[in-house]
Structure formats: structure tokens, C-alpha cells
$ cat model26.cif   # mmCIF, C-alpha atoms and all ligand atoms
data_model
loop_
_atom_site.group_PDB
_atom_site.id
_atom_site.type_symbol
_atom_site.label_atom_id
_atom_site.label_comp_id
_atom_site.auth_asym_id
_atom_site.auth_seq_id
_atom_site.Cartn_x
_atom_site.Cartn_y
_atom_site.Cartn_z
ATOM 1 C CA MET A 1 -82.442 88.699 -3.434
ATOM 2 C CA ASN A 2 -82.099 85.119 -2.380
ATOM 3 C CA ASP A 3 -78.518 84.248 -1.466
ATOM 4 C CA ASP A 4 -79.249 80.719 -0.377
ATOM 5 C CA PRO A 5 -77.235 78.503 -2.773
ATOM 6 C CA THR A 6 -79.561 75.577 -2.079
ATOM 7 C CA ALA A 7 -82.687 77.529 -3.047
ATOM 8 C CA GLN A 8 -82.767 76.045 -6.550
ATOM 9 C CA ALA A 9 -82.411 72.480 -5.310
ATOM 10 C CA THR A 10 -85.057 73.064 -2.671
ATOM 11 C CA GLY A 11 -87.457 74.322 -5.329
ATOM 12 C CA ASP A 12 -86.779 71.270 -7.471
ATOM 13 C CA ASP A 13 -87.256 68.975 -4.494
ATOM 14 C CA ARG A 14 -90.582 70.584 -3.729
ATOM 15 C CA HIS A 15 -91.703 69.953 -7.276
ATOM 16 C CA ALA A 16 -90.330 66.407 -7.162
ATOM 17 C CA ARG A 17 -92.675 65.579 -4.263
ATOM 18 C CA TYR A 18 -95.516 65.495 -6.765
ATOM 19 C CA LEU A 19 -93.771 62.975 -8.966
ATOM 20 C CA THR A 20 -94.075 59.227 -8.627
ATOM 21 C CA GLY A 21 -90.952 57.192 -7.887
ATOM 22 C CA THR A 22 -90.483 56.309 -11.556
ATOM 23 C CA GLU A 23 -91.050 59.884 -12.691
ATOM 24 C CA ARG A 24 -88.491 61.042 -10.175
ATOM 25 C CA GLU A 25 -85.971 58.525 -11.502
ATOM 26 C CA ASP A 26 -86.693 59.595 -15.092
ATOM 27 C CA ARG A 27 -86.178 63.192 -14.123
ATOM 28 C CA LEU A 28 -82.878 62.497 -12.370
ATOM 29 C CA LEU A 29 -81.741 60.586 -15.437
ATOM 30 C CA GLU A 30 -82.731 63.472 -17.727
ATOM 31 C CA GLU A 31 -80.818 65.893 -15.544
ATOM 32 C CA ARG A 32 -77.759 63.664 -15.701
ATOM 33 C CA ILE A 33 -77.997 63.442 -19.479
ATOM 34 C CA ALA A 34 -78.375 67.225 -19.767
ATOM 35 C CA ASP A 35 -75.312 67.583 -17.583
ATOM 36 C CA ILE A 36 -73.284 65.134 -19.671
ATOM 37 C CA ARG A 37 -74.383 66.906 -22.863
ATOM 38 C CA ARG A 38 -73.185 70.232 -21.509
ATOM 39 C CA ARG A 39 -69.730 68.890 -20.750
ATOM 40 C CA GLU A 40 -69.064 66.401 -23.524
ATOM 41 C CA VAL A 41 -67.532 66.928 -26.926
ATOM 42 C CA PRO A 42 -70.155 68.040 -29.474
ATOM 43 C CA LEU A 43 -71.764 65.347 -31.618
ATOM 44 C CA VAL A 44 -70.747 67.103 -34.806
ATOM 45 C CA LEU A 45 -67.019 67.332 -35.325
ATOM 46 C CA PRO A 46 -65.718 70.892 -35.027
ATOM 47 C CA THR A 47 -64.541 70.719 -38.647
ATOM 48 C CA SER A 48 -67.928 71.903 -39.844
ATOM 49 C CA ASN A 49 -68.995 71.333 -43.431
ATOM 50 C CA LEU A 50 -70.879 74.635 -43.470
ATOM 51 C CA GLY A 51 -71.508 75.583 -47.081
ATOM 52 C CA GLY A 52 -69.841 72.370 -48.302
ATOM 53 C CA ALA A 53 -70.947 69.508 -50.545
ATOM 54 C CA TYR A 54 -72.401 66.143 -49.503
ATOM 55 C CA GLN A 55 -71.899 62.843 -51.211
ATOM 56 C CA VAL A 56 -74.822 60.555 -50.366
ATOM 57 C CA PRO A 57 -74.835 57.050 -51.888
ATOM 58 C CA PRO A 58 -78.195 56.029 -53.464
ATOM 59 C CA SER A 59 -78.437 53.159 -50.951
ATOM 60 C CA ILE A 60 -78.724 55.758 -48.165
ATOM 61 C CA THR A 61 -81.599 57.675 -49.767
ATOM 62 C CA THR A 62 -83.385 54.447 -50.740
ATOM 63 C CA GLU A 63 -83.123 53.071 -47.221
ATOM 64 C CA THR A 64 -84.244 56.410 -45.782
ATOM 65 C CA ILE A 65 -87.388 56.519 -47.932
ATOM 66 C CA ALA A 66 -88.222 52.916 -46.991
ATOM 67 C CA HIS A 67 -87.871 53.803 -43.292
ATOM 68 C CA LEU A 68 -90.034 56.951 -43.521
ATOM 69 C CA ARG A 69 -92.782 55.173 -45.506
ATOM 70 C CA ARG A 70 -93.226 52.597 -42.760
ATOM 71 C CA TYR A 71 -94.852 55.361 -40.710
ATOM 72 C CA ARG A 72 -98.055 56.033 -42.628
ATOM 73 C CA VAL A 73 -99.773 58.192 -40.016
ATOM 74 C CA THR A 74 -96.997 59.855 -38.033
ATOM 75 C CA GLU A 75 -93.801 61.655 -38.855
ATOM 76 C CA ALA A 76 -90.587 59.636 -38.742
ATOM 77 C CA VAL A 77 -86.954 60.544 -38.278
ATOM 78 C CA CYS A 78 -83.466 59.215 -38.908
ATOM 79 C CA PHE A 79 -79.902 60.497 -38.946
ATOM 80 C CA TRP A 80 -77.173 60.329 -41.529
ATOM 81 C CA LEU A 81 -73.673 59.733 -40.246
ATOM 82 C CA GLY A 82 -70.446 60.239 -42.088
ATOM 83 C CA THR A 83 -67.127 61.991 -42.297
ATOM 84 C CA PRO A 84 -66.760 65.728 -42.887
ATOM 85 C CA GLY A 85 -63.853 65.066 -45.260
ATOM 86 C CA ALA A 86 -61.405 67.449 -46.840
ATOM 87 C CA GLU A 87 -62.135 70.380 -49.141
ATOM 88 C CA GLN A 88 -65.686 70.837 -47.900
ATOM 89 C CA ARG A 89 -66.854 67.478 -49.214
ATOM 90 C CA ALA A 90 -68.593 65.359 -46.624
ATOM 91 C CA ARG A 91 -69.369 61.742 -47.256
ATOM 92 C CA ILE A 92 -72.437 60.046 -45.779
ATOM 93 C CA SER A 93 -71.847 56.388 -44.990
ATOM 94 C CA GLU A 94 -74.549 55.258 -42.576
ATOM 95 C CA ILE A 95 -78.183 55.700 -41.529
ATOM 96 C CA TRP A 96 -78.979 55.708 -37.839
ATOM 97 C CA VAL A 97 -82.565 55.220 -36.738
ATOM 98 C CA PRO A 98 -83.098 56.351 -33.144
ATOM 99 C CA GLU A 99 -85.914 55.242 -30.877
ATOM 100 C CA PHE A 100 -88.550 57.935 -31.230
ATOM 101 C CA THR A 101 -92.165 58.721 -30.521
ATOM 102 C CA ALA A 102 -94.218 60.659 -33.048
ATOM 103 C CA THR A 103 -97.555 62.241 -33.832
ATOM 104 C CA PRO A 104 -98.883 63.201 -37.280
ATOM 105 C CA VAL A 105 -97.094 66.557 -36.894
ATOM 106 C CA SER A 106 -94.124 65.988 -34.598
ATOM 107 C CA TYR A 107 -91.506 63.553 -33.362
ATOM 108 C CA ASP A 108 -89.456 63.234 -30.197
ATOM 109 C CA ILE A 109 -86.219 61.330 -29.796
ATOM 110 C CA GLN A 110 -85.655 59.553 -26.499
ATOM 111 C CA PRO A 111 -82.880 61.419 -24.629
ATOM 112 C CA LEU A 112 -80.886 58.233 -23.993
ATOM 113 C CA GLU A 113 -80.728 57.612 -27.717
ATOM 114 C CA MET A 114 -78.411 60.582 -28.157
ATOM 115 C CA LEU A 115 -75.967 59.006 -25.706
ATOM 116 C CA ARG A 116 -76.222 55.684 -27.511
ATOM 117 C CA LEU A 117 -75.575 57.504 -30.791
ATOM 118 C CA LYS A 118 -72.604 59.369 -29.374
ATOM 119 C CA GLN A 119 -71.035 56.089 -28.276
ATOM 120 C CA HIS A 120 -71.504 54.706 -31.794
ATOM 121 C CA LEU A 121 -70.002 57.848 -33.369
ATOM 122 C CA ASP A 122 -66.967 57.602 -31.097
ATOM 123 C CA GLU A 123 -66.444 53.917 -31.846
ATOM 124 C CA LYS A 124 -66.667 54.370 -35.610
ATOM 125 C CA SER A 125 -65.058 57.822 -35.773
ATOM 126 C CA LEU A 126 -68.110 59.192 -37.528
ATOM 127 C CA ALA A 127 -70.000 62.453 -37.124
ATOM 128 C CA LEU A 128 -73.693 63.219 -37.043
ATOM 129 C CA LEU A 129 -74.052 65.362 -40.150
ATOM 130 C CA VAL A 130 -77.716 65.277 -41.172
ATOM 131 C CA GLN A 131 -81.144 64.685 -39.666
ATOM 132 C CA VAL A 132 -83.984 63.602 -41.932
ATOM 133 C CA HIS A 133 -87.672 63.647 -41.037
ATOM 134 C CA SER A 134 -90.965 63.235 -42.835
ATOM 135 C CA HIS A 135 -93.999 65.453 -42.932
ATOM 136 C CA PRO A 136 -97.585 64.342 -43.641
ATOM 137 C CA GLY A 137 -97.880 66.976 -46.390
ATOM 138 C CA GLY A 138 -95.529 69.647 -47.655
ATOM 139 C CA ALA A 139 -91.854 69.795 -46.738
ATOM 140 C CA PHE A 140 -90.837 72.876 -44.746
ATOM 141 C CA HIS A 141 -89.151 73.710 -41.465
ATOM 142 C CA SER A 142 -91.617 74.351 -38.654
ATOM 143 C CA ARG A 143 -90.716 76.485 -35.646
ATOM 144 C CA ARG A 144 -90.499 73.240 -33.724
ATOM 145 C CA ASP A 145 -88.055 71.895 -36.314
ATOM 146 C CA ASP A 146 -85.974 75.065 -35.933
ATOM 147 C CA LEU A 147 -85.674 74.574 -32.189
ATOM 148 C CA ASN A 148 -85.678 70.796 -31.931
ATOM 149 C CA ALA A 149 -82.618 69.907 -34.015
ATOM 150 C CA ALA A 150 -80.436 67.011 -32.908
ATOM 151 C CA SER A 151 -77.313 69.172 -33.115
ATOM 152 C CA PRO A 152 -76.794 72.842 -32.239
ATOM 153 C CA TRP A 153 -73.700 73.290 -34.401
ATOM 154 C CA PRO A 154 -73.429 75.482 -37.514
ATOM 155 C CA GLY A 155 -73.337 73.377 -40.658
ATOM 156 C CA PHE A 156 -75.783 70.777 -39.351
ATOM 157 C CA ILE A 157 -78.197 69.777 -42.108
ATOM 158 C CA SER A 158 -81.916 69.100 -41.805
ATOM 159 C CA VAL A 159 -83.711 67.335 -44.653
ATOM 160 C CA VAL A 160 -87.524 67.370 -44.710
ATOM 161 C CA VAL A 161 -89.276 64.770 -46.860
ATOM 162 C CA PRO A 162 -92.923 65.421 -47.873
ATOM 163 C CA ASP A 163 -95.932 63.058 -47.874
ATOM 164 C CA HIS A 164 -94.600 60.477 -45.391
ATOM 165 C CA GLY A 165 -91.839 59.695 -47.873
ATOM 166 C CA ASN A 166 -94.264 58.824 -50.702
ATOM 167 C CA ILE A 167 -92.417 60.843 -53.293
ATOM 168 C CA SER A 168 -92.726 60.153 -57.000
ATOM 169 C CA GLY A 169 -89.787 62.195 -58.289
ATOM 170 C CA GLY A 170 -86.112 61.980 -57.437
ATOM 171 C CA PHE A 171 -85.063 62.260 -53.792
ATOM 172 C CA TRP A 172 -83.114 65.509 -54.080
ATOM 173 C CA GLU A 173 -85.766 67.174 -56.234
ATOM 174 C CA SER A 174 -88.524 66.250 -53.752
ATOM 175 C CA VAL A 175 -87.003 67.196 -50.410
ATOM 176 C CA GLU A 176 -86.323 70.551 -48.805
ATOM 177 C CA ILE A 177 -82.954 71.147 -47.164
ATOM 178 C CA TYR A 178 -82.060 73.515 -44.354
ATOM 179 C CA GLU A 179 -78.587 74.342 -43.060
ATOM 180 C CA LEU A 180 -78.043 75.492 -39.492
ATOM 181 C CA LEU A 181 -76.227 78.807 -39.293
ATOM 182 C CA GLY A 182 -76.304 78.834 -35.485
ATOM 183 C CA SER A 183 -78.650 79.726 -32.631
ATOM 184 C CA ALA A 184 -81.705 78.054 -34.195
ATOM 185 C CA SER A 185 -81.228 80.150 -37.333
ATOM 186 C CA TRP A 186 -81.533 78.100 -40.530
ATOM 187 C CA LYS A 187 -80.881 78.769 -44.179
ATOM 188 C CA HIS A 188 -83.299 77.217 -46.656
ATOM 189 C CA LEU A 189 -81.360 76.006 -49.684
ATOM 190 C CA GLU A 190 -82.813 77.159 -52.978
ATOM 191 C CA THR A 191 -83.183 74.456 -55.640
ATOM 192 C CA ARG A 192 -79.964 75.294 -57.451
ATOM 193 C CA GLU A 193 -77.788 75.302 -54.345
ATOM 194 C CA LYS A 194 -79.506 72.151 -53.059
ATOM 195 C CA LEU A 195 -78.760 70.190 -56.245
ATOM 196 C CA GLU A 196 -75.244 71.557 -56.498
ATOM 197 C CA ARG A 197 -74.289 70.560 -52.973
ATOM 198 C CA PHE A 198 -76.128 67.248 -52.516
ATOM 199 C CA HIS A 199 -75.569 64.338 -54.843
ATOM 200 C CA ASP A 200 -74.985 60.599 -54.939
ATOM 201 C CA HIS A 201 -71.439 60.606 -56.352
HETATM 202 ZN ZN ZN B 301 -91.024 69.026 -39.278
#
$ encode --input "model26.cif" --output "C-alpha cells" --more "lines below"
Ligand SMILES: [Zn+2]
Amino acid sequence: MNDDPTAQATGDDRHARYLTGTEREDRLLEERIADIRRREVPLVLPTSNLGGAYQVPPSITTETIAHLRRYRVTEAVCFWLGTPGAEQRARISEIWVPEFTATPVSYDIQPLEMLRLKQHLDEKSLALLVQVHSHPGGAFHSRRDDLNAASPWPGFISVVVPDHGNISGGFWESVEIYELLGSASWKHLETREKLERFHDH
């Protein structure tokens, strides 16, 4: 057994030797962000809307589709912000588009963006309630989607939009919705539940 409390740091330092100056700075920054994330208040307000309804104005879904369609080759992502509200009725009031990189089958949000978002949420007293991302083909939750969610809190919603957002039917009929139950475990909402809980009024 290794009782040396500095063993971990020494190992990291040894690895860091192989990094360039910029990479080392990036890595230190990432570690700081991870540290802040561990200590700070969660992005989603503790008053979870698990199992609740969502009121999403048509302007939000229209703007979301327009955003996703701009990325013809890669996936795209955005967040919906709002207030959890009383009686299990959350209200979406804003779209937030983070800086992200993407491939045809994945996306990654820059770590600093989550800090920028948190600042915005604090200023406006809003909560991150929903993430929305596009797929090149069918809408489903990949293993990566299960693990890569922007929030770890039960009640967080993930909307997957098919065909780069080029949908011909109504928004709610075309998308698939998943609700986080906790620990990367998601519930896929069947059509009836989806249409009962998500609407524009
Ligand atoms: Zn996906």
C-alpha cells in the first residue's frame, strides 16, 4: 500500500511532463472546473420536475429547429432554460446555445460553457431543465447520450430530434424524449406520456 499522500500528484506531474505548455494550462483549467462543479450548487434547482409537465412556447421549438438545421452534417445541441414552477408544471422561457464541437454522431460542449451558463442561470434565476440535440437519422438515446448529459439530476430532460432537425410533422410528434431517473438511468417516454406532458400552452 502506498501511504504517500503526494503519490497522486506525483503521478499527475509525471504525466504532465509530456504535455505542452498550453495543454498543461488546459488541463489545470479543466481540473479547476471539475473542482468547482463538485462544490457548487447543482445547475438544476433541487425542486425537480420529475414526472411533471412542461409548457414550451412555439417560439422555443421553432428557434430550436432553426438552430439544429444549420448543422447539416454534424449533430447540434442546445439547452432550454426555465422555471420549475408549482404543481409540477415547468415553464420553458429561453434557449441557450453553448459553444460546442460535433461530429456526424456526437457533440461535445466546451467545459467553460457550463460555467458561463451557470452564471447566466444565477443572474436570471432560471434553471437548466432540458437539453436538445439532433441526430443524423433516427432519434434515440445512445450510450454516449446516457452518460454525457449536461445535468446529473433526476428529472432532467433530454430531447432527441431526428434528421438534423429536418422534420416534416409537428415537433412533439417527431422527437423522442428521455427523462433522467438518476445515475445515467433514463426513462423513454412513450408517445402518450410525451404528448400529455409536453405542450406549447
Ligand atoms: Zn445522441
$ resolve_selection --input "model26.cif" --expression "the PyMOL selection byres (((chain A and resi 140) around 7) and not hetatm)" --output "ChimeraX atom specification"
/A:138-139,141-142,160,176
$ atom_distance --input "model26.cif" --atom1 "atom CA of A:Leu112" --atom2 "atom CA of A:Leu180"
23.4 Å
$ closest_atom_pairs --input "model26.cif" --of "chain A" --to "ligand ZN 301 (chain B)" --cutoff "9 Å" --atoms "all atoms listed in the file" --output "Markdown table"
| residue | atom | partner | partner_atom | distance |
| --- | --- | --- | --- | --- |
| A:Glu75 | CA | B:ZN301 | ZN | 7.9 |
| A:Val105 | CA | B:ZN301 | ZN | 7.0 |
| A:Ser106 | CA | B:ZN301 | ZN | 6.4 |
| A:Tyr107 | CA | B:ZN301 | ZN | 8.1 |
| A:His133 | CA | B:ZN301 | ZN | 6.6 |
| A:Ser134 | CA | B:ZN301 | ZN | 6.8 |
| A:His135 | CA | B:ZN301 | ZN | 5.9 |
| A:Ala139 | CA | B:ZN301 | ZN | 7.5 |
| A:Phe140 | CA | B:ZN301 | ZN | 6.7 |
| A:His141 | CA | B:ZN301 | ZN | 5.5 |
| A:Ser142 | CA | B:ZN301 | ZN | 5.4 |
| A:Arg143 | CA | B:ZN301 | ZN | 8.3 |
| A:Arg144 | CA | B:ZN301 | ZN | 7.0 |
| A:Asp145 | CA | B:ZN301 | ZN | 5.1 |
| A:Asp146 | CA | B:ZN301 | ZN | 8.6 |
| A:Val160 | CA | B:ZN301 | ZN | 6.7 |
| A:Val161 | CA | B:ZN301 | ZN | 8.9 |
$ atom_distance --input "model26.cif" --atom1 "atom CA of A:Arg24" --atom2 "atom CA of A:Arg116"
21.9 Å
$ resolve_selection --input "model26.cif" --expression "the PyMOL selection byres (((chain A and resi 78-80) around 9) and not hetatm)" --output "VMD selection string"
chain A and resid 60 64 67 to 68 76 to 77 81 to 82 92 to 98 127 to 133 150
$ residues_around --input "model26.cif" --residues "A:Glu193" --least-positions-apart "2" --cutoff "12 Å" --atoms "only C-alpha atoms" --output "list in words"
Gly51, Gly52, Ala53, Tyr54, Trp172, Glu173, Glu176, Ile177, Tyr178, Glu179, Lys187, His188, Leu189, Glu190, Thr191, Leu195, Glu196, Arg197, Phe198 and His199 of chain A
$ atom_distance --input "model26.cif" --atom1 "atom CA of A:Gly137" --atom2 "atom CA of A:Arg70"
15.5 Å
$ resolve_selection --input "model26.cif" --expression "the PyMOL selection byres (((chain A and resi 86) around 12) and not hetatm)" --output "PyMOL selection string"
chain A and resi 47-49+52-54+83-85+87-91
$ residues_around --input "model26.cif" --residues "A:Asp200" --least-positions-apart "5" --cutoff "7 Å" --atoms "only C-alpha atoms" --output "compact mmCIF listing (two decimals) with C-alpha atoms, in the coordinates of the input"
# COMPACT_ATOMS: atom_id res chain seq x y z
CA GLN A 55 -71.90 62.84 -51.21
CA VAL A 56 -74.82 60.56 -50.37
CA PRO A 57 -74.83 57.05 -51.89
CA PRO A 58 -78.19 56.03 -53.46
$ residues_around --input "model26.cif" --residues "A:Ser183" --least-positions-apart "5" --cutoff "10 Å" --atoms "only C-alpha atoms" --output "list of chain:residue names"
A:Asp146, A:Leu147, A:Pro152, A:Trp153, A:Pro154
$ closest_residue --input "model26.cif" --among "A:Gly165, A:Gly155, A:Pro111, A:Pro136" --to "A:Gly182" --atoms "only C-alpha atoms"
A:Gly155
